[in-house]
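The file target10.txt comes next; it holds compact mmCIF, C-alpha atoms and all ligand atoms.
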# COMPACT_ATOMS: atom_id res chain seq x y z
CA MET J 1 88.47 96.60 82.85
CA LEU J 2 87.04 94.40 80.15
CA GLU J 3 85.99 96.34 77.06
CA LEU J 4 83.94 95.33 74.04
CA PRO J 5 86.61 93.15 72.33
CA GLU J 6 87.37 91.07 75.44
CA VAL J 7 83.68 90.71 76.32
CA GLU J 8 82.95 89.54 72.77
CA VAL J 9 85.62 86.85 73.11
CA LEU J 10 84.07 85.87 76.44
CA ARG J 11 80.61 85.76 74.86
CA LYS J 12 81.81 83.33 72.20
CA GLU J 13 83.37 81.13 74.88
CA LEU J 14 80.19 81.19 76.95
CA GLU J 15 78.08 80.33 73.96
CA LYS J 16 80.25 77.29 73.39
CA GLU J 17 80.47 76.28 77.04
CA VAL J 18 77.12 77.07 78.67
CA ALA J 19 74.45 77.51 75.99
CA GLY J 20 72.06 74.58 76.27
CA LYS J 21 73.02 73.84 79.87
CA ARG J 22 70.62 73.87 82.77
CA ILE J 23 71.50 75.59 86.04
CA LYS J 24 71.50 73.29 89.05
CA ASP J 25 72.35 75.62 91.87
CA VAL J 26 73.64 79.07 92.58
CA GLU J 27 75.82 80.40 95.38
CA VAL J 28 76.01 84.16 95.97
CA ARG J 29 78.76 85.19 98.35
CA SER J 30 78.49 88.97 98.13
CA PRO J 31 74.89 90.23 98.28
CA GLY J 32 75.92 93.52 96.62
CA VAL J 33 76.48 91.84 93.24
CA VAL J 34 72.76 91.08 92.74
CA ARG J 35 71.67 94.65 93.47
CA PRO J 36 69.92 96.64 92.15
CA PHE J 37 68.27 93.82 90.18
CA HIS J 38 67.19 91.84 93.25
CA ARG J 39 66.20 92.67 96.79
CA ASN J 40 68.29 89.88 98.24
CA ARG J 41 70.23 86.74 97.43
CA PRO J 42 67.34 84.20 97.61
CA ASP J 43 65.36 86.34 95.16
CA PHE J 44 68.19 86.00 92.60
CA THR J 45 68.90 82.34 93.33
CA LYS J 46 65.24 81.41 92.92
CA ALA J 47 65.05 83.25 89.59
CA LEU J 48 68.10 81.42 88.19
CA GLU J 49 68.03 77.87 89.56
CA GLY J 50 66.49 75.28 87.24
CA ARG J 51 66.64 77.58 84.20
CA LYS J 52 68.35 76.70 80.95
CA VAL J 53 70.72 79.06 79.13
CA GLU J 54 69.36 79.30 75.59
CA ALA J 55 71.58 81.95 74.03
CA VAL J 56 74.44 84.27 74.96
CA ARG J 57 74.32 87.82 73.62
CA ARG J 58 76.45 90.91 74.15
CA ARG J 59 75.75 94.62 73.89
CA GLY J 60 78.59 97.00 74.68
CA ARG J 61 80.43 95.37 77.58
CA MET J 62 77.34 93.67 79.02
CA LEU J 63 76.50 89.99 78.67
CA PHE J 64 72.92 88.80 78.25
CA LEU J 65 72.17 85.11 78.78
CA ASP J 66 68.66 84.37 77.58
CA LEU J 67 66.85 81.83 79.76
CA GLY J 68 63.65 81.48 77.73
CA GLU J 69 60.15 82.33 78.92
CA GLY J 70 60.96 86.02 78.62
CA ALA J 71 63.81 86.05 81.16
CA THR J 72 67.40 87.18 80.66
CA TRP J 73 70.38 86.88 82.95
CA ILE J 74 72.53 90.04 82.84
CA ILE J 75 76.23 89.94 83.71
CA ASP J 76 77.98 93.30 84.03
CA PRO J 77 81.72 92.66 84.49
CA GLY J 78 82.12 96.01 86.29
CA GLU J 79 85.55 97.57 86.77
CA GLY J 80 87.58 94.41 87.19
CA GLY J 81 85.32 91.37 87.03
CA SER J 82 86.24 88.10 85.36
CA LEU J 83 84.40 84.90 84.53
CA HIS J 84 85.93 81.48 84.59
CA ARG J 85 84.94 77.89 84.26
CA GLU J 86 85.53 75.46 87.08
CA THR J 87 84.60 71.91 87.95
CA ALA J 88 81.39 71.63 90.00
CA ALA J 89 83.38 70.52 93.07
CA GLU J 90 85.85 73.44 92.95
CA GLU J 91 85.84 75.53 96.12
CA LEU J 92 85.12 79.23 95.73
CA ALA J 93 88.30 81.31 95.61
CA GLU J 94 88.75 84.25 97.96
CA ASP J 95 87.70 86.77 95.32
CA THR J 96 84.77 84.76 93.88
CA HIS J 97 81.41 86.42 94.49
CA LEU J 98 79.12 84.10 92.59
CA ALA J 99 79.21 80.44 91.54
CA VAL J 100 76.70 78.85 89.18
CA ARG J 101 76.73 75.06 88.81
CA PHE J 102 75.20 73.18 85.90
CA THR J 103 73.23 69.92 86.01
CA ILE J 104 75.56 68.10 83.63
CA GLY J 105 78.65 69.22 85.51
CA GLY J 106 80.89 72.21 85.44
CA ALA J 107 80.44 75.59 87.01
CA LEU J 108 80.91 79.24 86.21
CA HIS J 109 82.61 81.51 88.75
CA LEU J 110 82.31 85.28 88.73
CA SER J 111 85.26 86.94 90.46
CA GLU J 112 86.71 90.33 91.18
CA ALA J 113 89.69 91.13 93.38
CA ALA J 114 88.16 94.12 95.17
CA GLU J 115 86.96 94.94 98.64
CA GLU J 116 83.69 96.19 97.20
CA PRO J 117 83.04 94.33 93.95
CA THR J 118 81.63 96.32 91.03
CA ILE J 119 80.31 93.22 89.20
CA ARG J 120 76.52 93.29 88.88
CA THR J 121 74.22 90.46 87.89
CA GLY J 122 70.51 89.75 87.85
CA ILE J 123 67.54 88.24 86.07
CA VAL J 124 65.35 90.71 84.18
CA PRO J 125 62.61 90.53 81.53
CA THR J 126 64.21 89.94 78.11
CA GLU J 127 62.25 92.84 76.76
CA GLY J 128 63.99 95.89 78.16
CA ALA J 129 67.07 93.97 79.33
CA GLU J 130 69.41 96.46 77.65
CA GLU J 131 67.82 99.44 79.38
CA ALA J 132 67.96 97.52 82.65
CA ALA J 133 71.70 97.07 82.08
CA GLY J 134 72.10 100.82 81.63
CA ILE J 135 72.72 100.83 77.88
CA GLY J 136 71.34 103.95 76.22
CA PRO J 137 68.62 103.16 73.64
CA ASP J 138 70.53 105.17 71.02
CA ALA J 139 74.02 103.96 71.91
CA ILE J 140 75.88 102.39 69.00
CA ASP J 141 77.77 99.10 69.32
CA LEU J 142 80.50 99.30 66.71
CA LEU J 143 80.75 95.52 66.29
CA ASP J 144 77.12 94.52 66.71
CA ASP J 145 75.58 97.32 64.65
CA ASN J 146 78.34 97.26 62.04
CA PRO J 147 77.61 100.79 60.70
CA THR J 148 78.89 101.98 57.32
CA TRP J 149 81.44 104.83 57.47
CA MET J 150 78.75 107.24 56.29
CA GLU J 151 76.35 106.17 59.04
CA PHE J 152 79.23 106.50 61.48
CA GLY J 153 79.93 110.02 60.17
CA ARG J 154 76.32 111.11 60.66
CA PHE J 155 76.41 109.62 64.12
CA LEU J 156 79.60 111.58 65.02
CA ALA J 157 78.11 114.82 63.71
CA ALA J 158 74.91 114.36 65.71
CA ALA J 159 76.78 113.52 68.93
CA ASN J 160 79.00 116.62 68.62
CA LYS J 161 81.46 115.98 71.46
CA PRO J 162 85.26 115.87 71.92
CA LEU J 163 86.29 112.50 70.45
CA LYS J 164 87.70 110.87 73.58
CA LEU J 165 84.71 111.79 75.74
CA LEU J 166 82.39 110.58 73.00
CA LEU J 167 84.12 107.21 72.68
CA VAL J 168 83.94 106.45 76.43
CA ASP J 169 80.35 107.65 76.89
CA GLN J 170 78.22 104.50 77.26
CA GLN J 171 75.11 106.42 76.27
CA ILE J 172 76.71 107.17 72.89
CA VAL J 173 79.18 104.36 72.10
CA ALA J 174 78.53 101.15 74.02
CA GLY J 175 81.46 99.04 75.11
CA LEU J 176 84.58 101.16 74.67
CA GLY J 177 86.53 102.34 77.70
CA PRO J 178 89.86 103.97 78.60
CA VAL J 179 92.03 101.51 76.69
CA TYR J 180 90.52 101.18 73.23
CA SER J 181 89.30 104.79 72.99
CA ASP J 182 92.97 105.87 73.18
CA GLU J 183 94.11 103.13 70.84
CA ILE J 184 91.47 104.06 68.23
CA LEU J 185 92.36 107.77 68.35
CA TRP J 186 96.06 107.02 68.00
CA GLU J 187 95.43 104.67 65.10
CA ALA J 188 93.30 107.37 63.43
CA GLY J 189 95.87 110.10 64.20
CA LEU J 190 93.16 112.27 65.79
CA ARG J 191 93.41 114.29 69.00
CA HIS J 192 91.24 113.48 72.02
CA ASP J 193 89.68 116.98 72.01
CA HIS J 194 88.90 117.10 68.29
CA PRO J 195 85.14 117.91 68.08
CA SER J 196 83.29 114.98 66.53
CA ALA J 197 81.11 117.29 64.41
CA GLN J 198 84.16 118.94 62.83
CA LEU J 199 85.83 116.02 61.09
CA SER J 200 86.58 116.06 57.38
CA THR J 201 85.32 113.18 55.25
CA GLN J 202 88.83 111.79 55.21
CA GLU J 203 89.10 112.01 59.00
CA ILE J 204 85.75 110.25 59.46
CA ARG J 205 86.96 107.42 57.23
CA ARG J 206 90.25 107.22 59.14
CA LEU J 207 88.45 107.06 62.47
CA TYR J 208 86.01 104.49 61.12
CA ARG J 209 88.82 102.27 59.84
CA ALA J 210 90.70 102.68 63.13
CA THR J 211 87.69 101.49 65.18
CA GLN J 212 87.47 98.33 63.09
CA GLU J 213 91.19 97.61 63.09
CA VAL J 214 91.62 98.17 66.82
CA ILE J 215 88.59 96.04 67.77
CA VAL J 216 89.65 93.15 65.54
CA ALA J 217 93.27 93.26 66.78
CA ALA J 218 92.09 93.37 70.40
CA MET J 219 89.83 90.37 69.89
CA LYS J 220 92.76 88.43 68.48
CA ALA J 221 94.93 89.44 71.43
CA ALA J 222 92.17 88.53 73.89
CA GLY J 223 91.75 85.08 72.36
CA SER J 224 92.02 83.58 75.83
CA SER J 225 89.67 80.99 77.23
CA LEU J 226 87.43 80.65 80.24
CA ASP J 227 89.97 78.24 81.69
CA ASP J 228 92.39 81.13 82.01
CA ALA J 229 91.19 82.36 85.36
CA GLU J 230 93.00 85.69 85.45
CA ALA J 231 91.14 88.87 84.63
CA GLU J 232 92.45 90.31 81.40
CA SER J 233 94.89 92.97 82.54
CA MET J 234 96.31 95.47 80.11
CA ILE J 235 99.24 96.31 82.38
CA ASP J 236 100.69 93.44 84.39
CA ASP J 237 102.24 93.53 87.86
CA ASP J 238 105.66 94.36 86.45
CA GLY J 239 104.27 97.38 84.60
CA GLU J 240 104.54 95.58 81.25
CA VAL J 241 101.88 96.80 78.84
CA ALA J 242 100.01 94.26 76.71
CA GLU J 243 101.83 93.85 73.41
CA HIS J 244 98.96 94.85 71.13
CA LEU J 245 98.64 98.32 72.72
CA ARG J 246 100.38 101.27 71.05
CA VAL J 247 99.69 104.17 73.46
CA TYR J 248 97.62 103.04 76.46
CA GLY J 249 99.81 102.75 79.58
CA ARG J 250 102.92 103.80 77.63
CA ASP J 251 103.52 107.36 78.87
CA GLY J 252 107.14 108.40 78.42
CA LEU J 253 107.79 105.67 75.86
CA PRO J 254 108.34 106.63 72.21
CA CYS J 255 105.29 106.88 69.95
CA PRO J 256 105.44 103.88 67.57
CA ARG J 257 104.77 106.25 64.64
CA CYS J 258 106.87 109.37 65.24
CA ARG J 259 109.10 108.42 68.23
CA ARG J 260 108.03 111.44 70.35
CA PRO J 261 107.32 110.47 73.99
CA ILE J 262 103.71 109.51 74.70
CA LYS J 263 101.90 111.75 77.17
CA ARG J 264 99.25 111.01 79.77
CA THR J 265 96.76 113.85 80.22
CA ARG J 266 93.87 114.18 82.67
CA LEU J 267 90.70 115.28 80.91
CA ARG J 268 88.37 115.27 83.87
CA LYS J 269 88.01 113.42 87.16
CA GLY J 270 88.87 109.79 86.48
CA VAL J 271 89.29 110.23 82.72
CA TYR J 272 92.83 110.17 81.33
CA THR J 273 94.16 109.91 77.84
CA TYR J 274 97.45 108.54 76.57
CA HIS J 275 98.34 110.38 73.39
CA CYS J 276 101.04 111.71 71.09
CA GLU J 277 101.20 115.48 70.67
CA GLN J 278 103.09 115.21 67.42
CA CYS J 279 101.08 112.91 65.20
CA MET J 280 97.51 113.22 66.47
CA ILE J 281 95.71 116.29 65.13
ZN ZN G 1 103.44 110.19 67.38
What would you get if you wrote out this structure as structure tokens?
Amino acid sequence: MLELPEVEVLRKELEKEVAGKRIKDVEVRSPGVVRPFHRNRPDFTKALEGRKVEAVRRRGRMLFLDLGEGATWIIDPGEGGSLHRETAAEELAEDTHLAVRFTIGGALHLSEAAEEPTIRTGIVPTEGAEEAAGIGPDAIDLLDDNPTWMEFGRFLAAANKPLKLLLVDQQIVAGLGPVYSDEILWEAGLRHDHPSAQLSTQEIRRLYRATQEVIVAAMKAAGSSLDDAEAESMIDDDGEVAEHLRVYGRDGLPCPRCRRPIKRTRLRKGVYTYHCEQCMI
């Protein structure tokens, strides 16, 4: 699953590659990807063809491509979606659900290797695009909003939730998911169930610094390009965990700080945490 750092890298690539380009034609293979934004495929195609991409924005893990005249194209990468650039003549791969071709050549393919893709895309009014994409009006984006540590502290106190559940809640913190929530907590040395309203000043500062360090390091690691067609996977087919990760996917391996084995704990249905019992308090 792409999280904020990878989507930000993608946004920068898209800005370079597609901003200023006009869309020639659109091919939707899986009708499900344009719902709930559109009733059917022609409705989406008609809204997108002939439009020009003016700017590429990001909020949380959602992409917003502004088309001018009050319209915005939302791309939600879902659980395992990826975007890649192709030549206009390139045939659609098996797992490609949407292809968008540009008038001056080149195309963008949206893919996901899944029986039922979770990618969602649609054209919505620019005003209210974030709500349409399911981003809570009060959710903080730690990169975009760039809060001070004191603002972050007030935010944590007001949210008053166990830290891990807070970090993955898209209505509270937009863009973080299973991977970087664990990485941030490990970096900060704070337990997943530590209540966010009960952090000392020092702990708030540690958590604040950890969010910044982990996001920046992940963006560096993600520094891939749209030509690299593979979805960013944190654990590859051989079970090798991406090098920049310290705890995620590393259960049983020694904690890089205290050498105790890393544990994987289920917090609730579908939510797991990789953590160290020794050095996270
Ligand atoms: Zn440890």
Could you build a table of the residues in chain J lying no more than 9 Å from ligand ZN 1 (chain G), giving for each the nearest pair of atoms and their separation in Å rounded to one decimal place, using all atoms listed in the file, ordered by chain and ascending residue number, as CSV?
residue,atom,partner,partner_atom,distance
J:Trp186,CA,G:ZN1,ZN,8.1
J:Gly189,CA,G:ZN1,ZN,8.2
J:Pro254,CA,G:ZN1,ZN,7.7
J:Cys255,CA,G:ZN1,ZN,4.6
J:Pro256,CA,G:ZN1,ZN,6.6
J:Arg257,CA,G:ZN1,ZN,5.0
J:Cys258,CA,G:ZN1,ZN,4.1
J:Arg259,CA,G:ZN1,ZN,6.0
J:Arg260,CA,G:ZN1,ZN,5.6
J:Pro261,CA,G:ZN1,ZN,7.7
J:Ile262,CA,G:ZN1,ZN,7.4
J:His275,CA,G:ZN1,ZN,7.9
J:Cys276,CA,G:ZN1,ZN,4.7
J:Glu277,CA,G:ZN1,ZN,6.6
J:Gln278,CA,G:ZN1,ZN,5.0
J:Cys279,CA,G:ZN1,ZN,4.2
J:Met280,CA,G:ZN1,ZN,6.7
Review point. Between J:Trp73, J:Tyr248, J:Phe44, J:Trp149, which one has atoms that come closest to Val179 of chain J, using all atoms listed in the file?
Key: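 Looking at the shortest contact to Val179 of chain J, the residue is J:Tyr248.
Shell of segment 14-29 of chain J at 8 Å, with all atoms listed in the file counted and residues fewer than 4 places along the chain excluded, is Leu10, Arg41, Thr45, Leu48, Glu49, Gly50, Arg51, Lys52, Val53, Glu54, Ala55, Val56, Thr96, His97, Leu98, Ala99, Val100, Arg101, Phe102, Thr103, Ile104 and Leu226 of chain J.
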**Study point:** Counting all atoms listed in the file, the option among J:Asp43, J:Asp193, J:Glu183, J:Glu3 closest to Asp76 of chain J
**Key:**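 Among the listed residues, the smallest separation from Asp76 of chain J belongs to J:Glu3.
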**Study point:** 9 Å contact set for segment 214-216 of chain J, only C-alpha atoms, chain neighbours under 2 positions out, as a ChimeraX atom specification
**Key:** /J:4-5,142-143,180,183-184,187,209-212,218-221
Revision key, fill the gap. The residue from J:Asn146, J:Thr126, J:Ser196, J:Thr72 with the smallest atom-to-atom distance to Asn160 of chain J, counting only C-alpha atoms, is J:Ser196
Check your understanding: Could you name the residues that touch Asp95 of chain J at 7 Å or less, counting all atoms listed in the file, but leaving out those on the same chain fewer than 4 positions away, as a list in words?
Key ->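 Here the answer would be Ser111, Glu112 and Ala113 of chain J.
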Check your understanding: Do you have the atom CA of Gln198 of chain J-atom CA of Glu151 of chain J distance handy?
Key ->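 Value for the atom CA of Gln198 of chain J-atom CA of Glu151 of chain J distance: 15.4 Å.
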Check your understanding: Of the candidates J:Ala159, J:Val7, J:Lys164, J:Tyr274, which shows the shortest atom-to-atom distance to His192 of chain J, using all atoms listed in the file?
Key -> J:Lys164
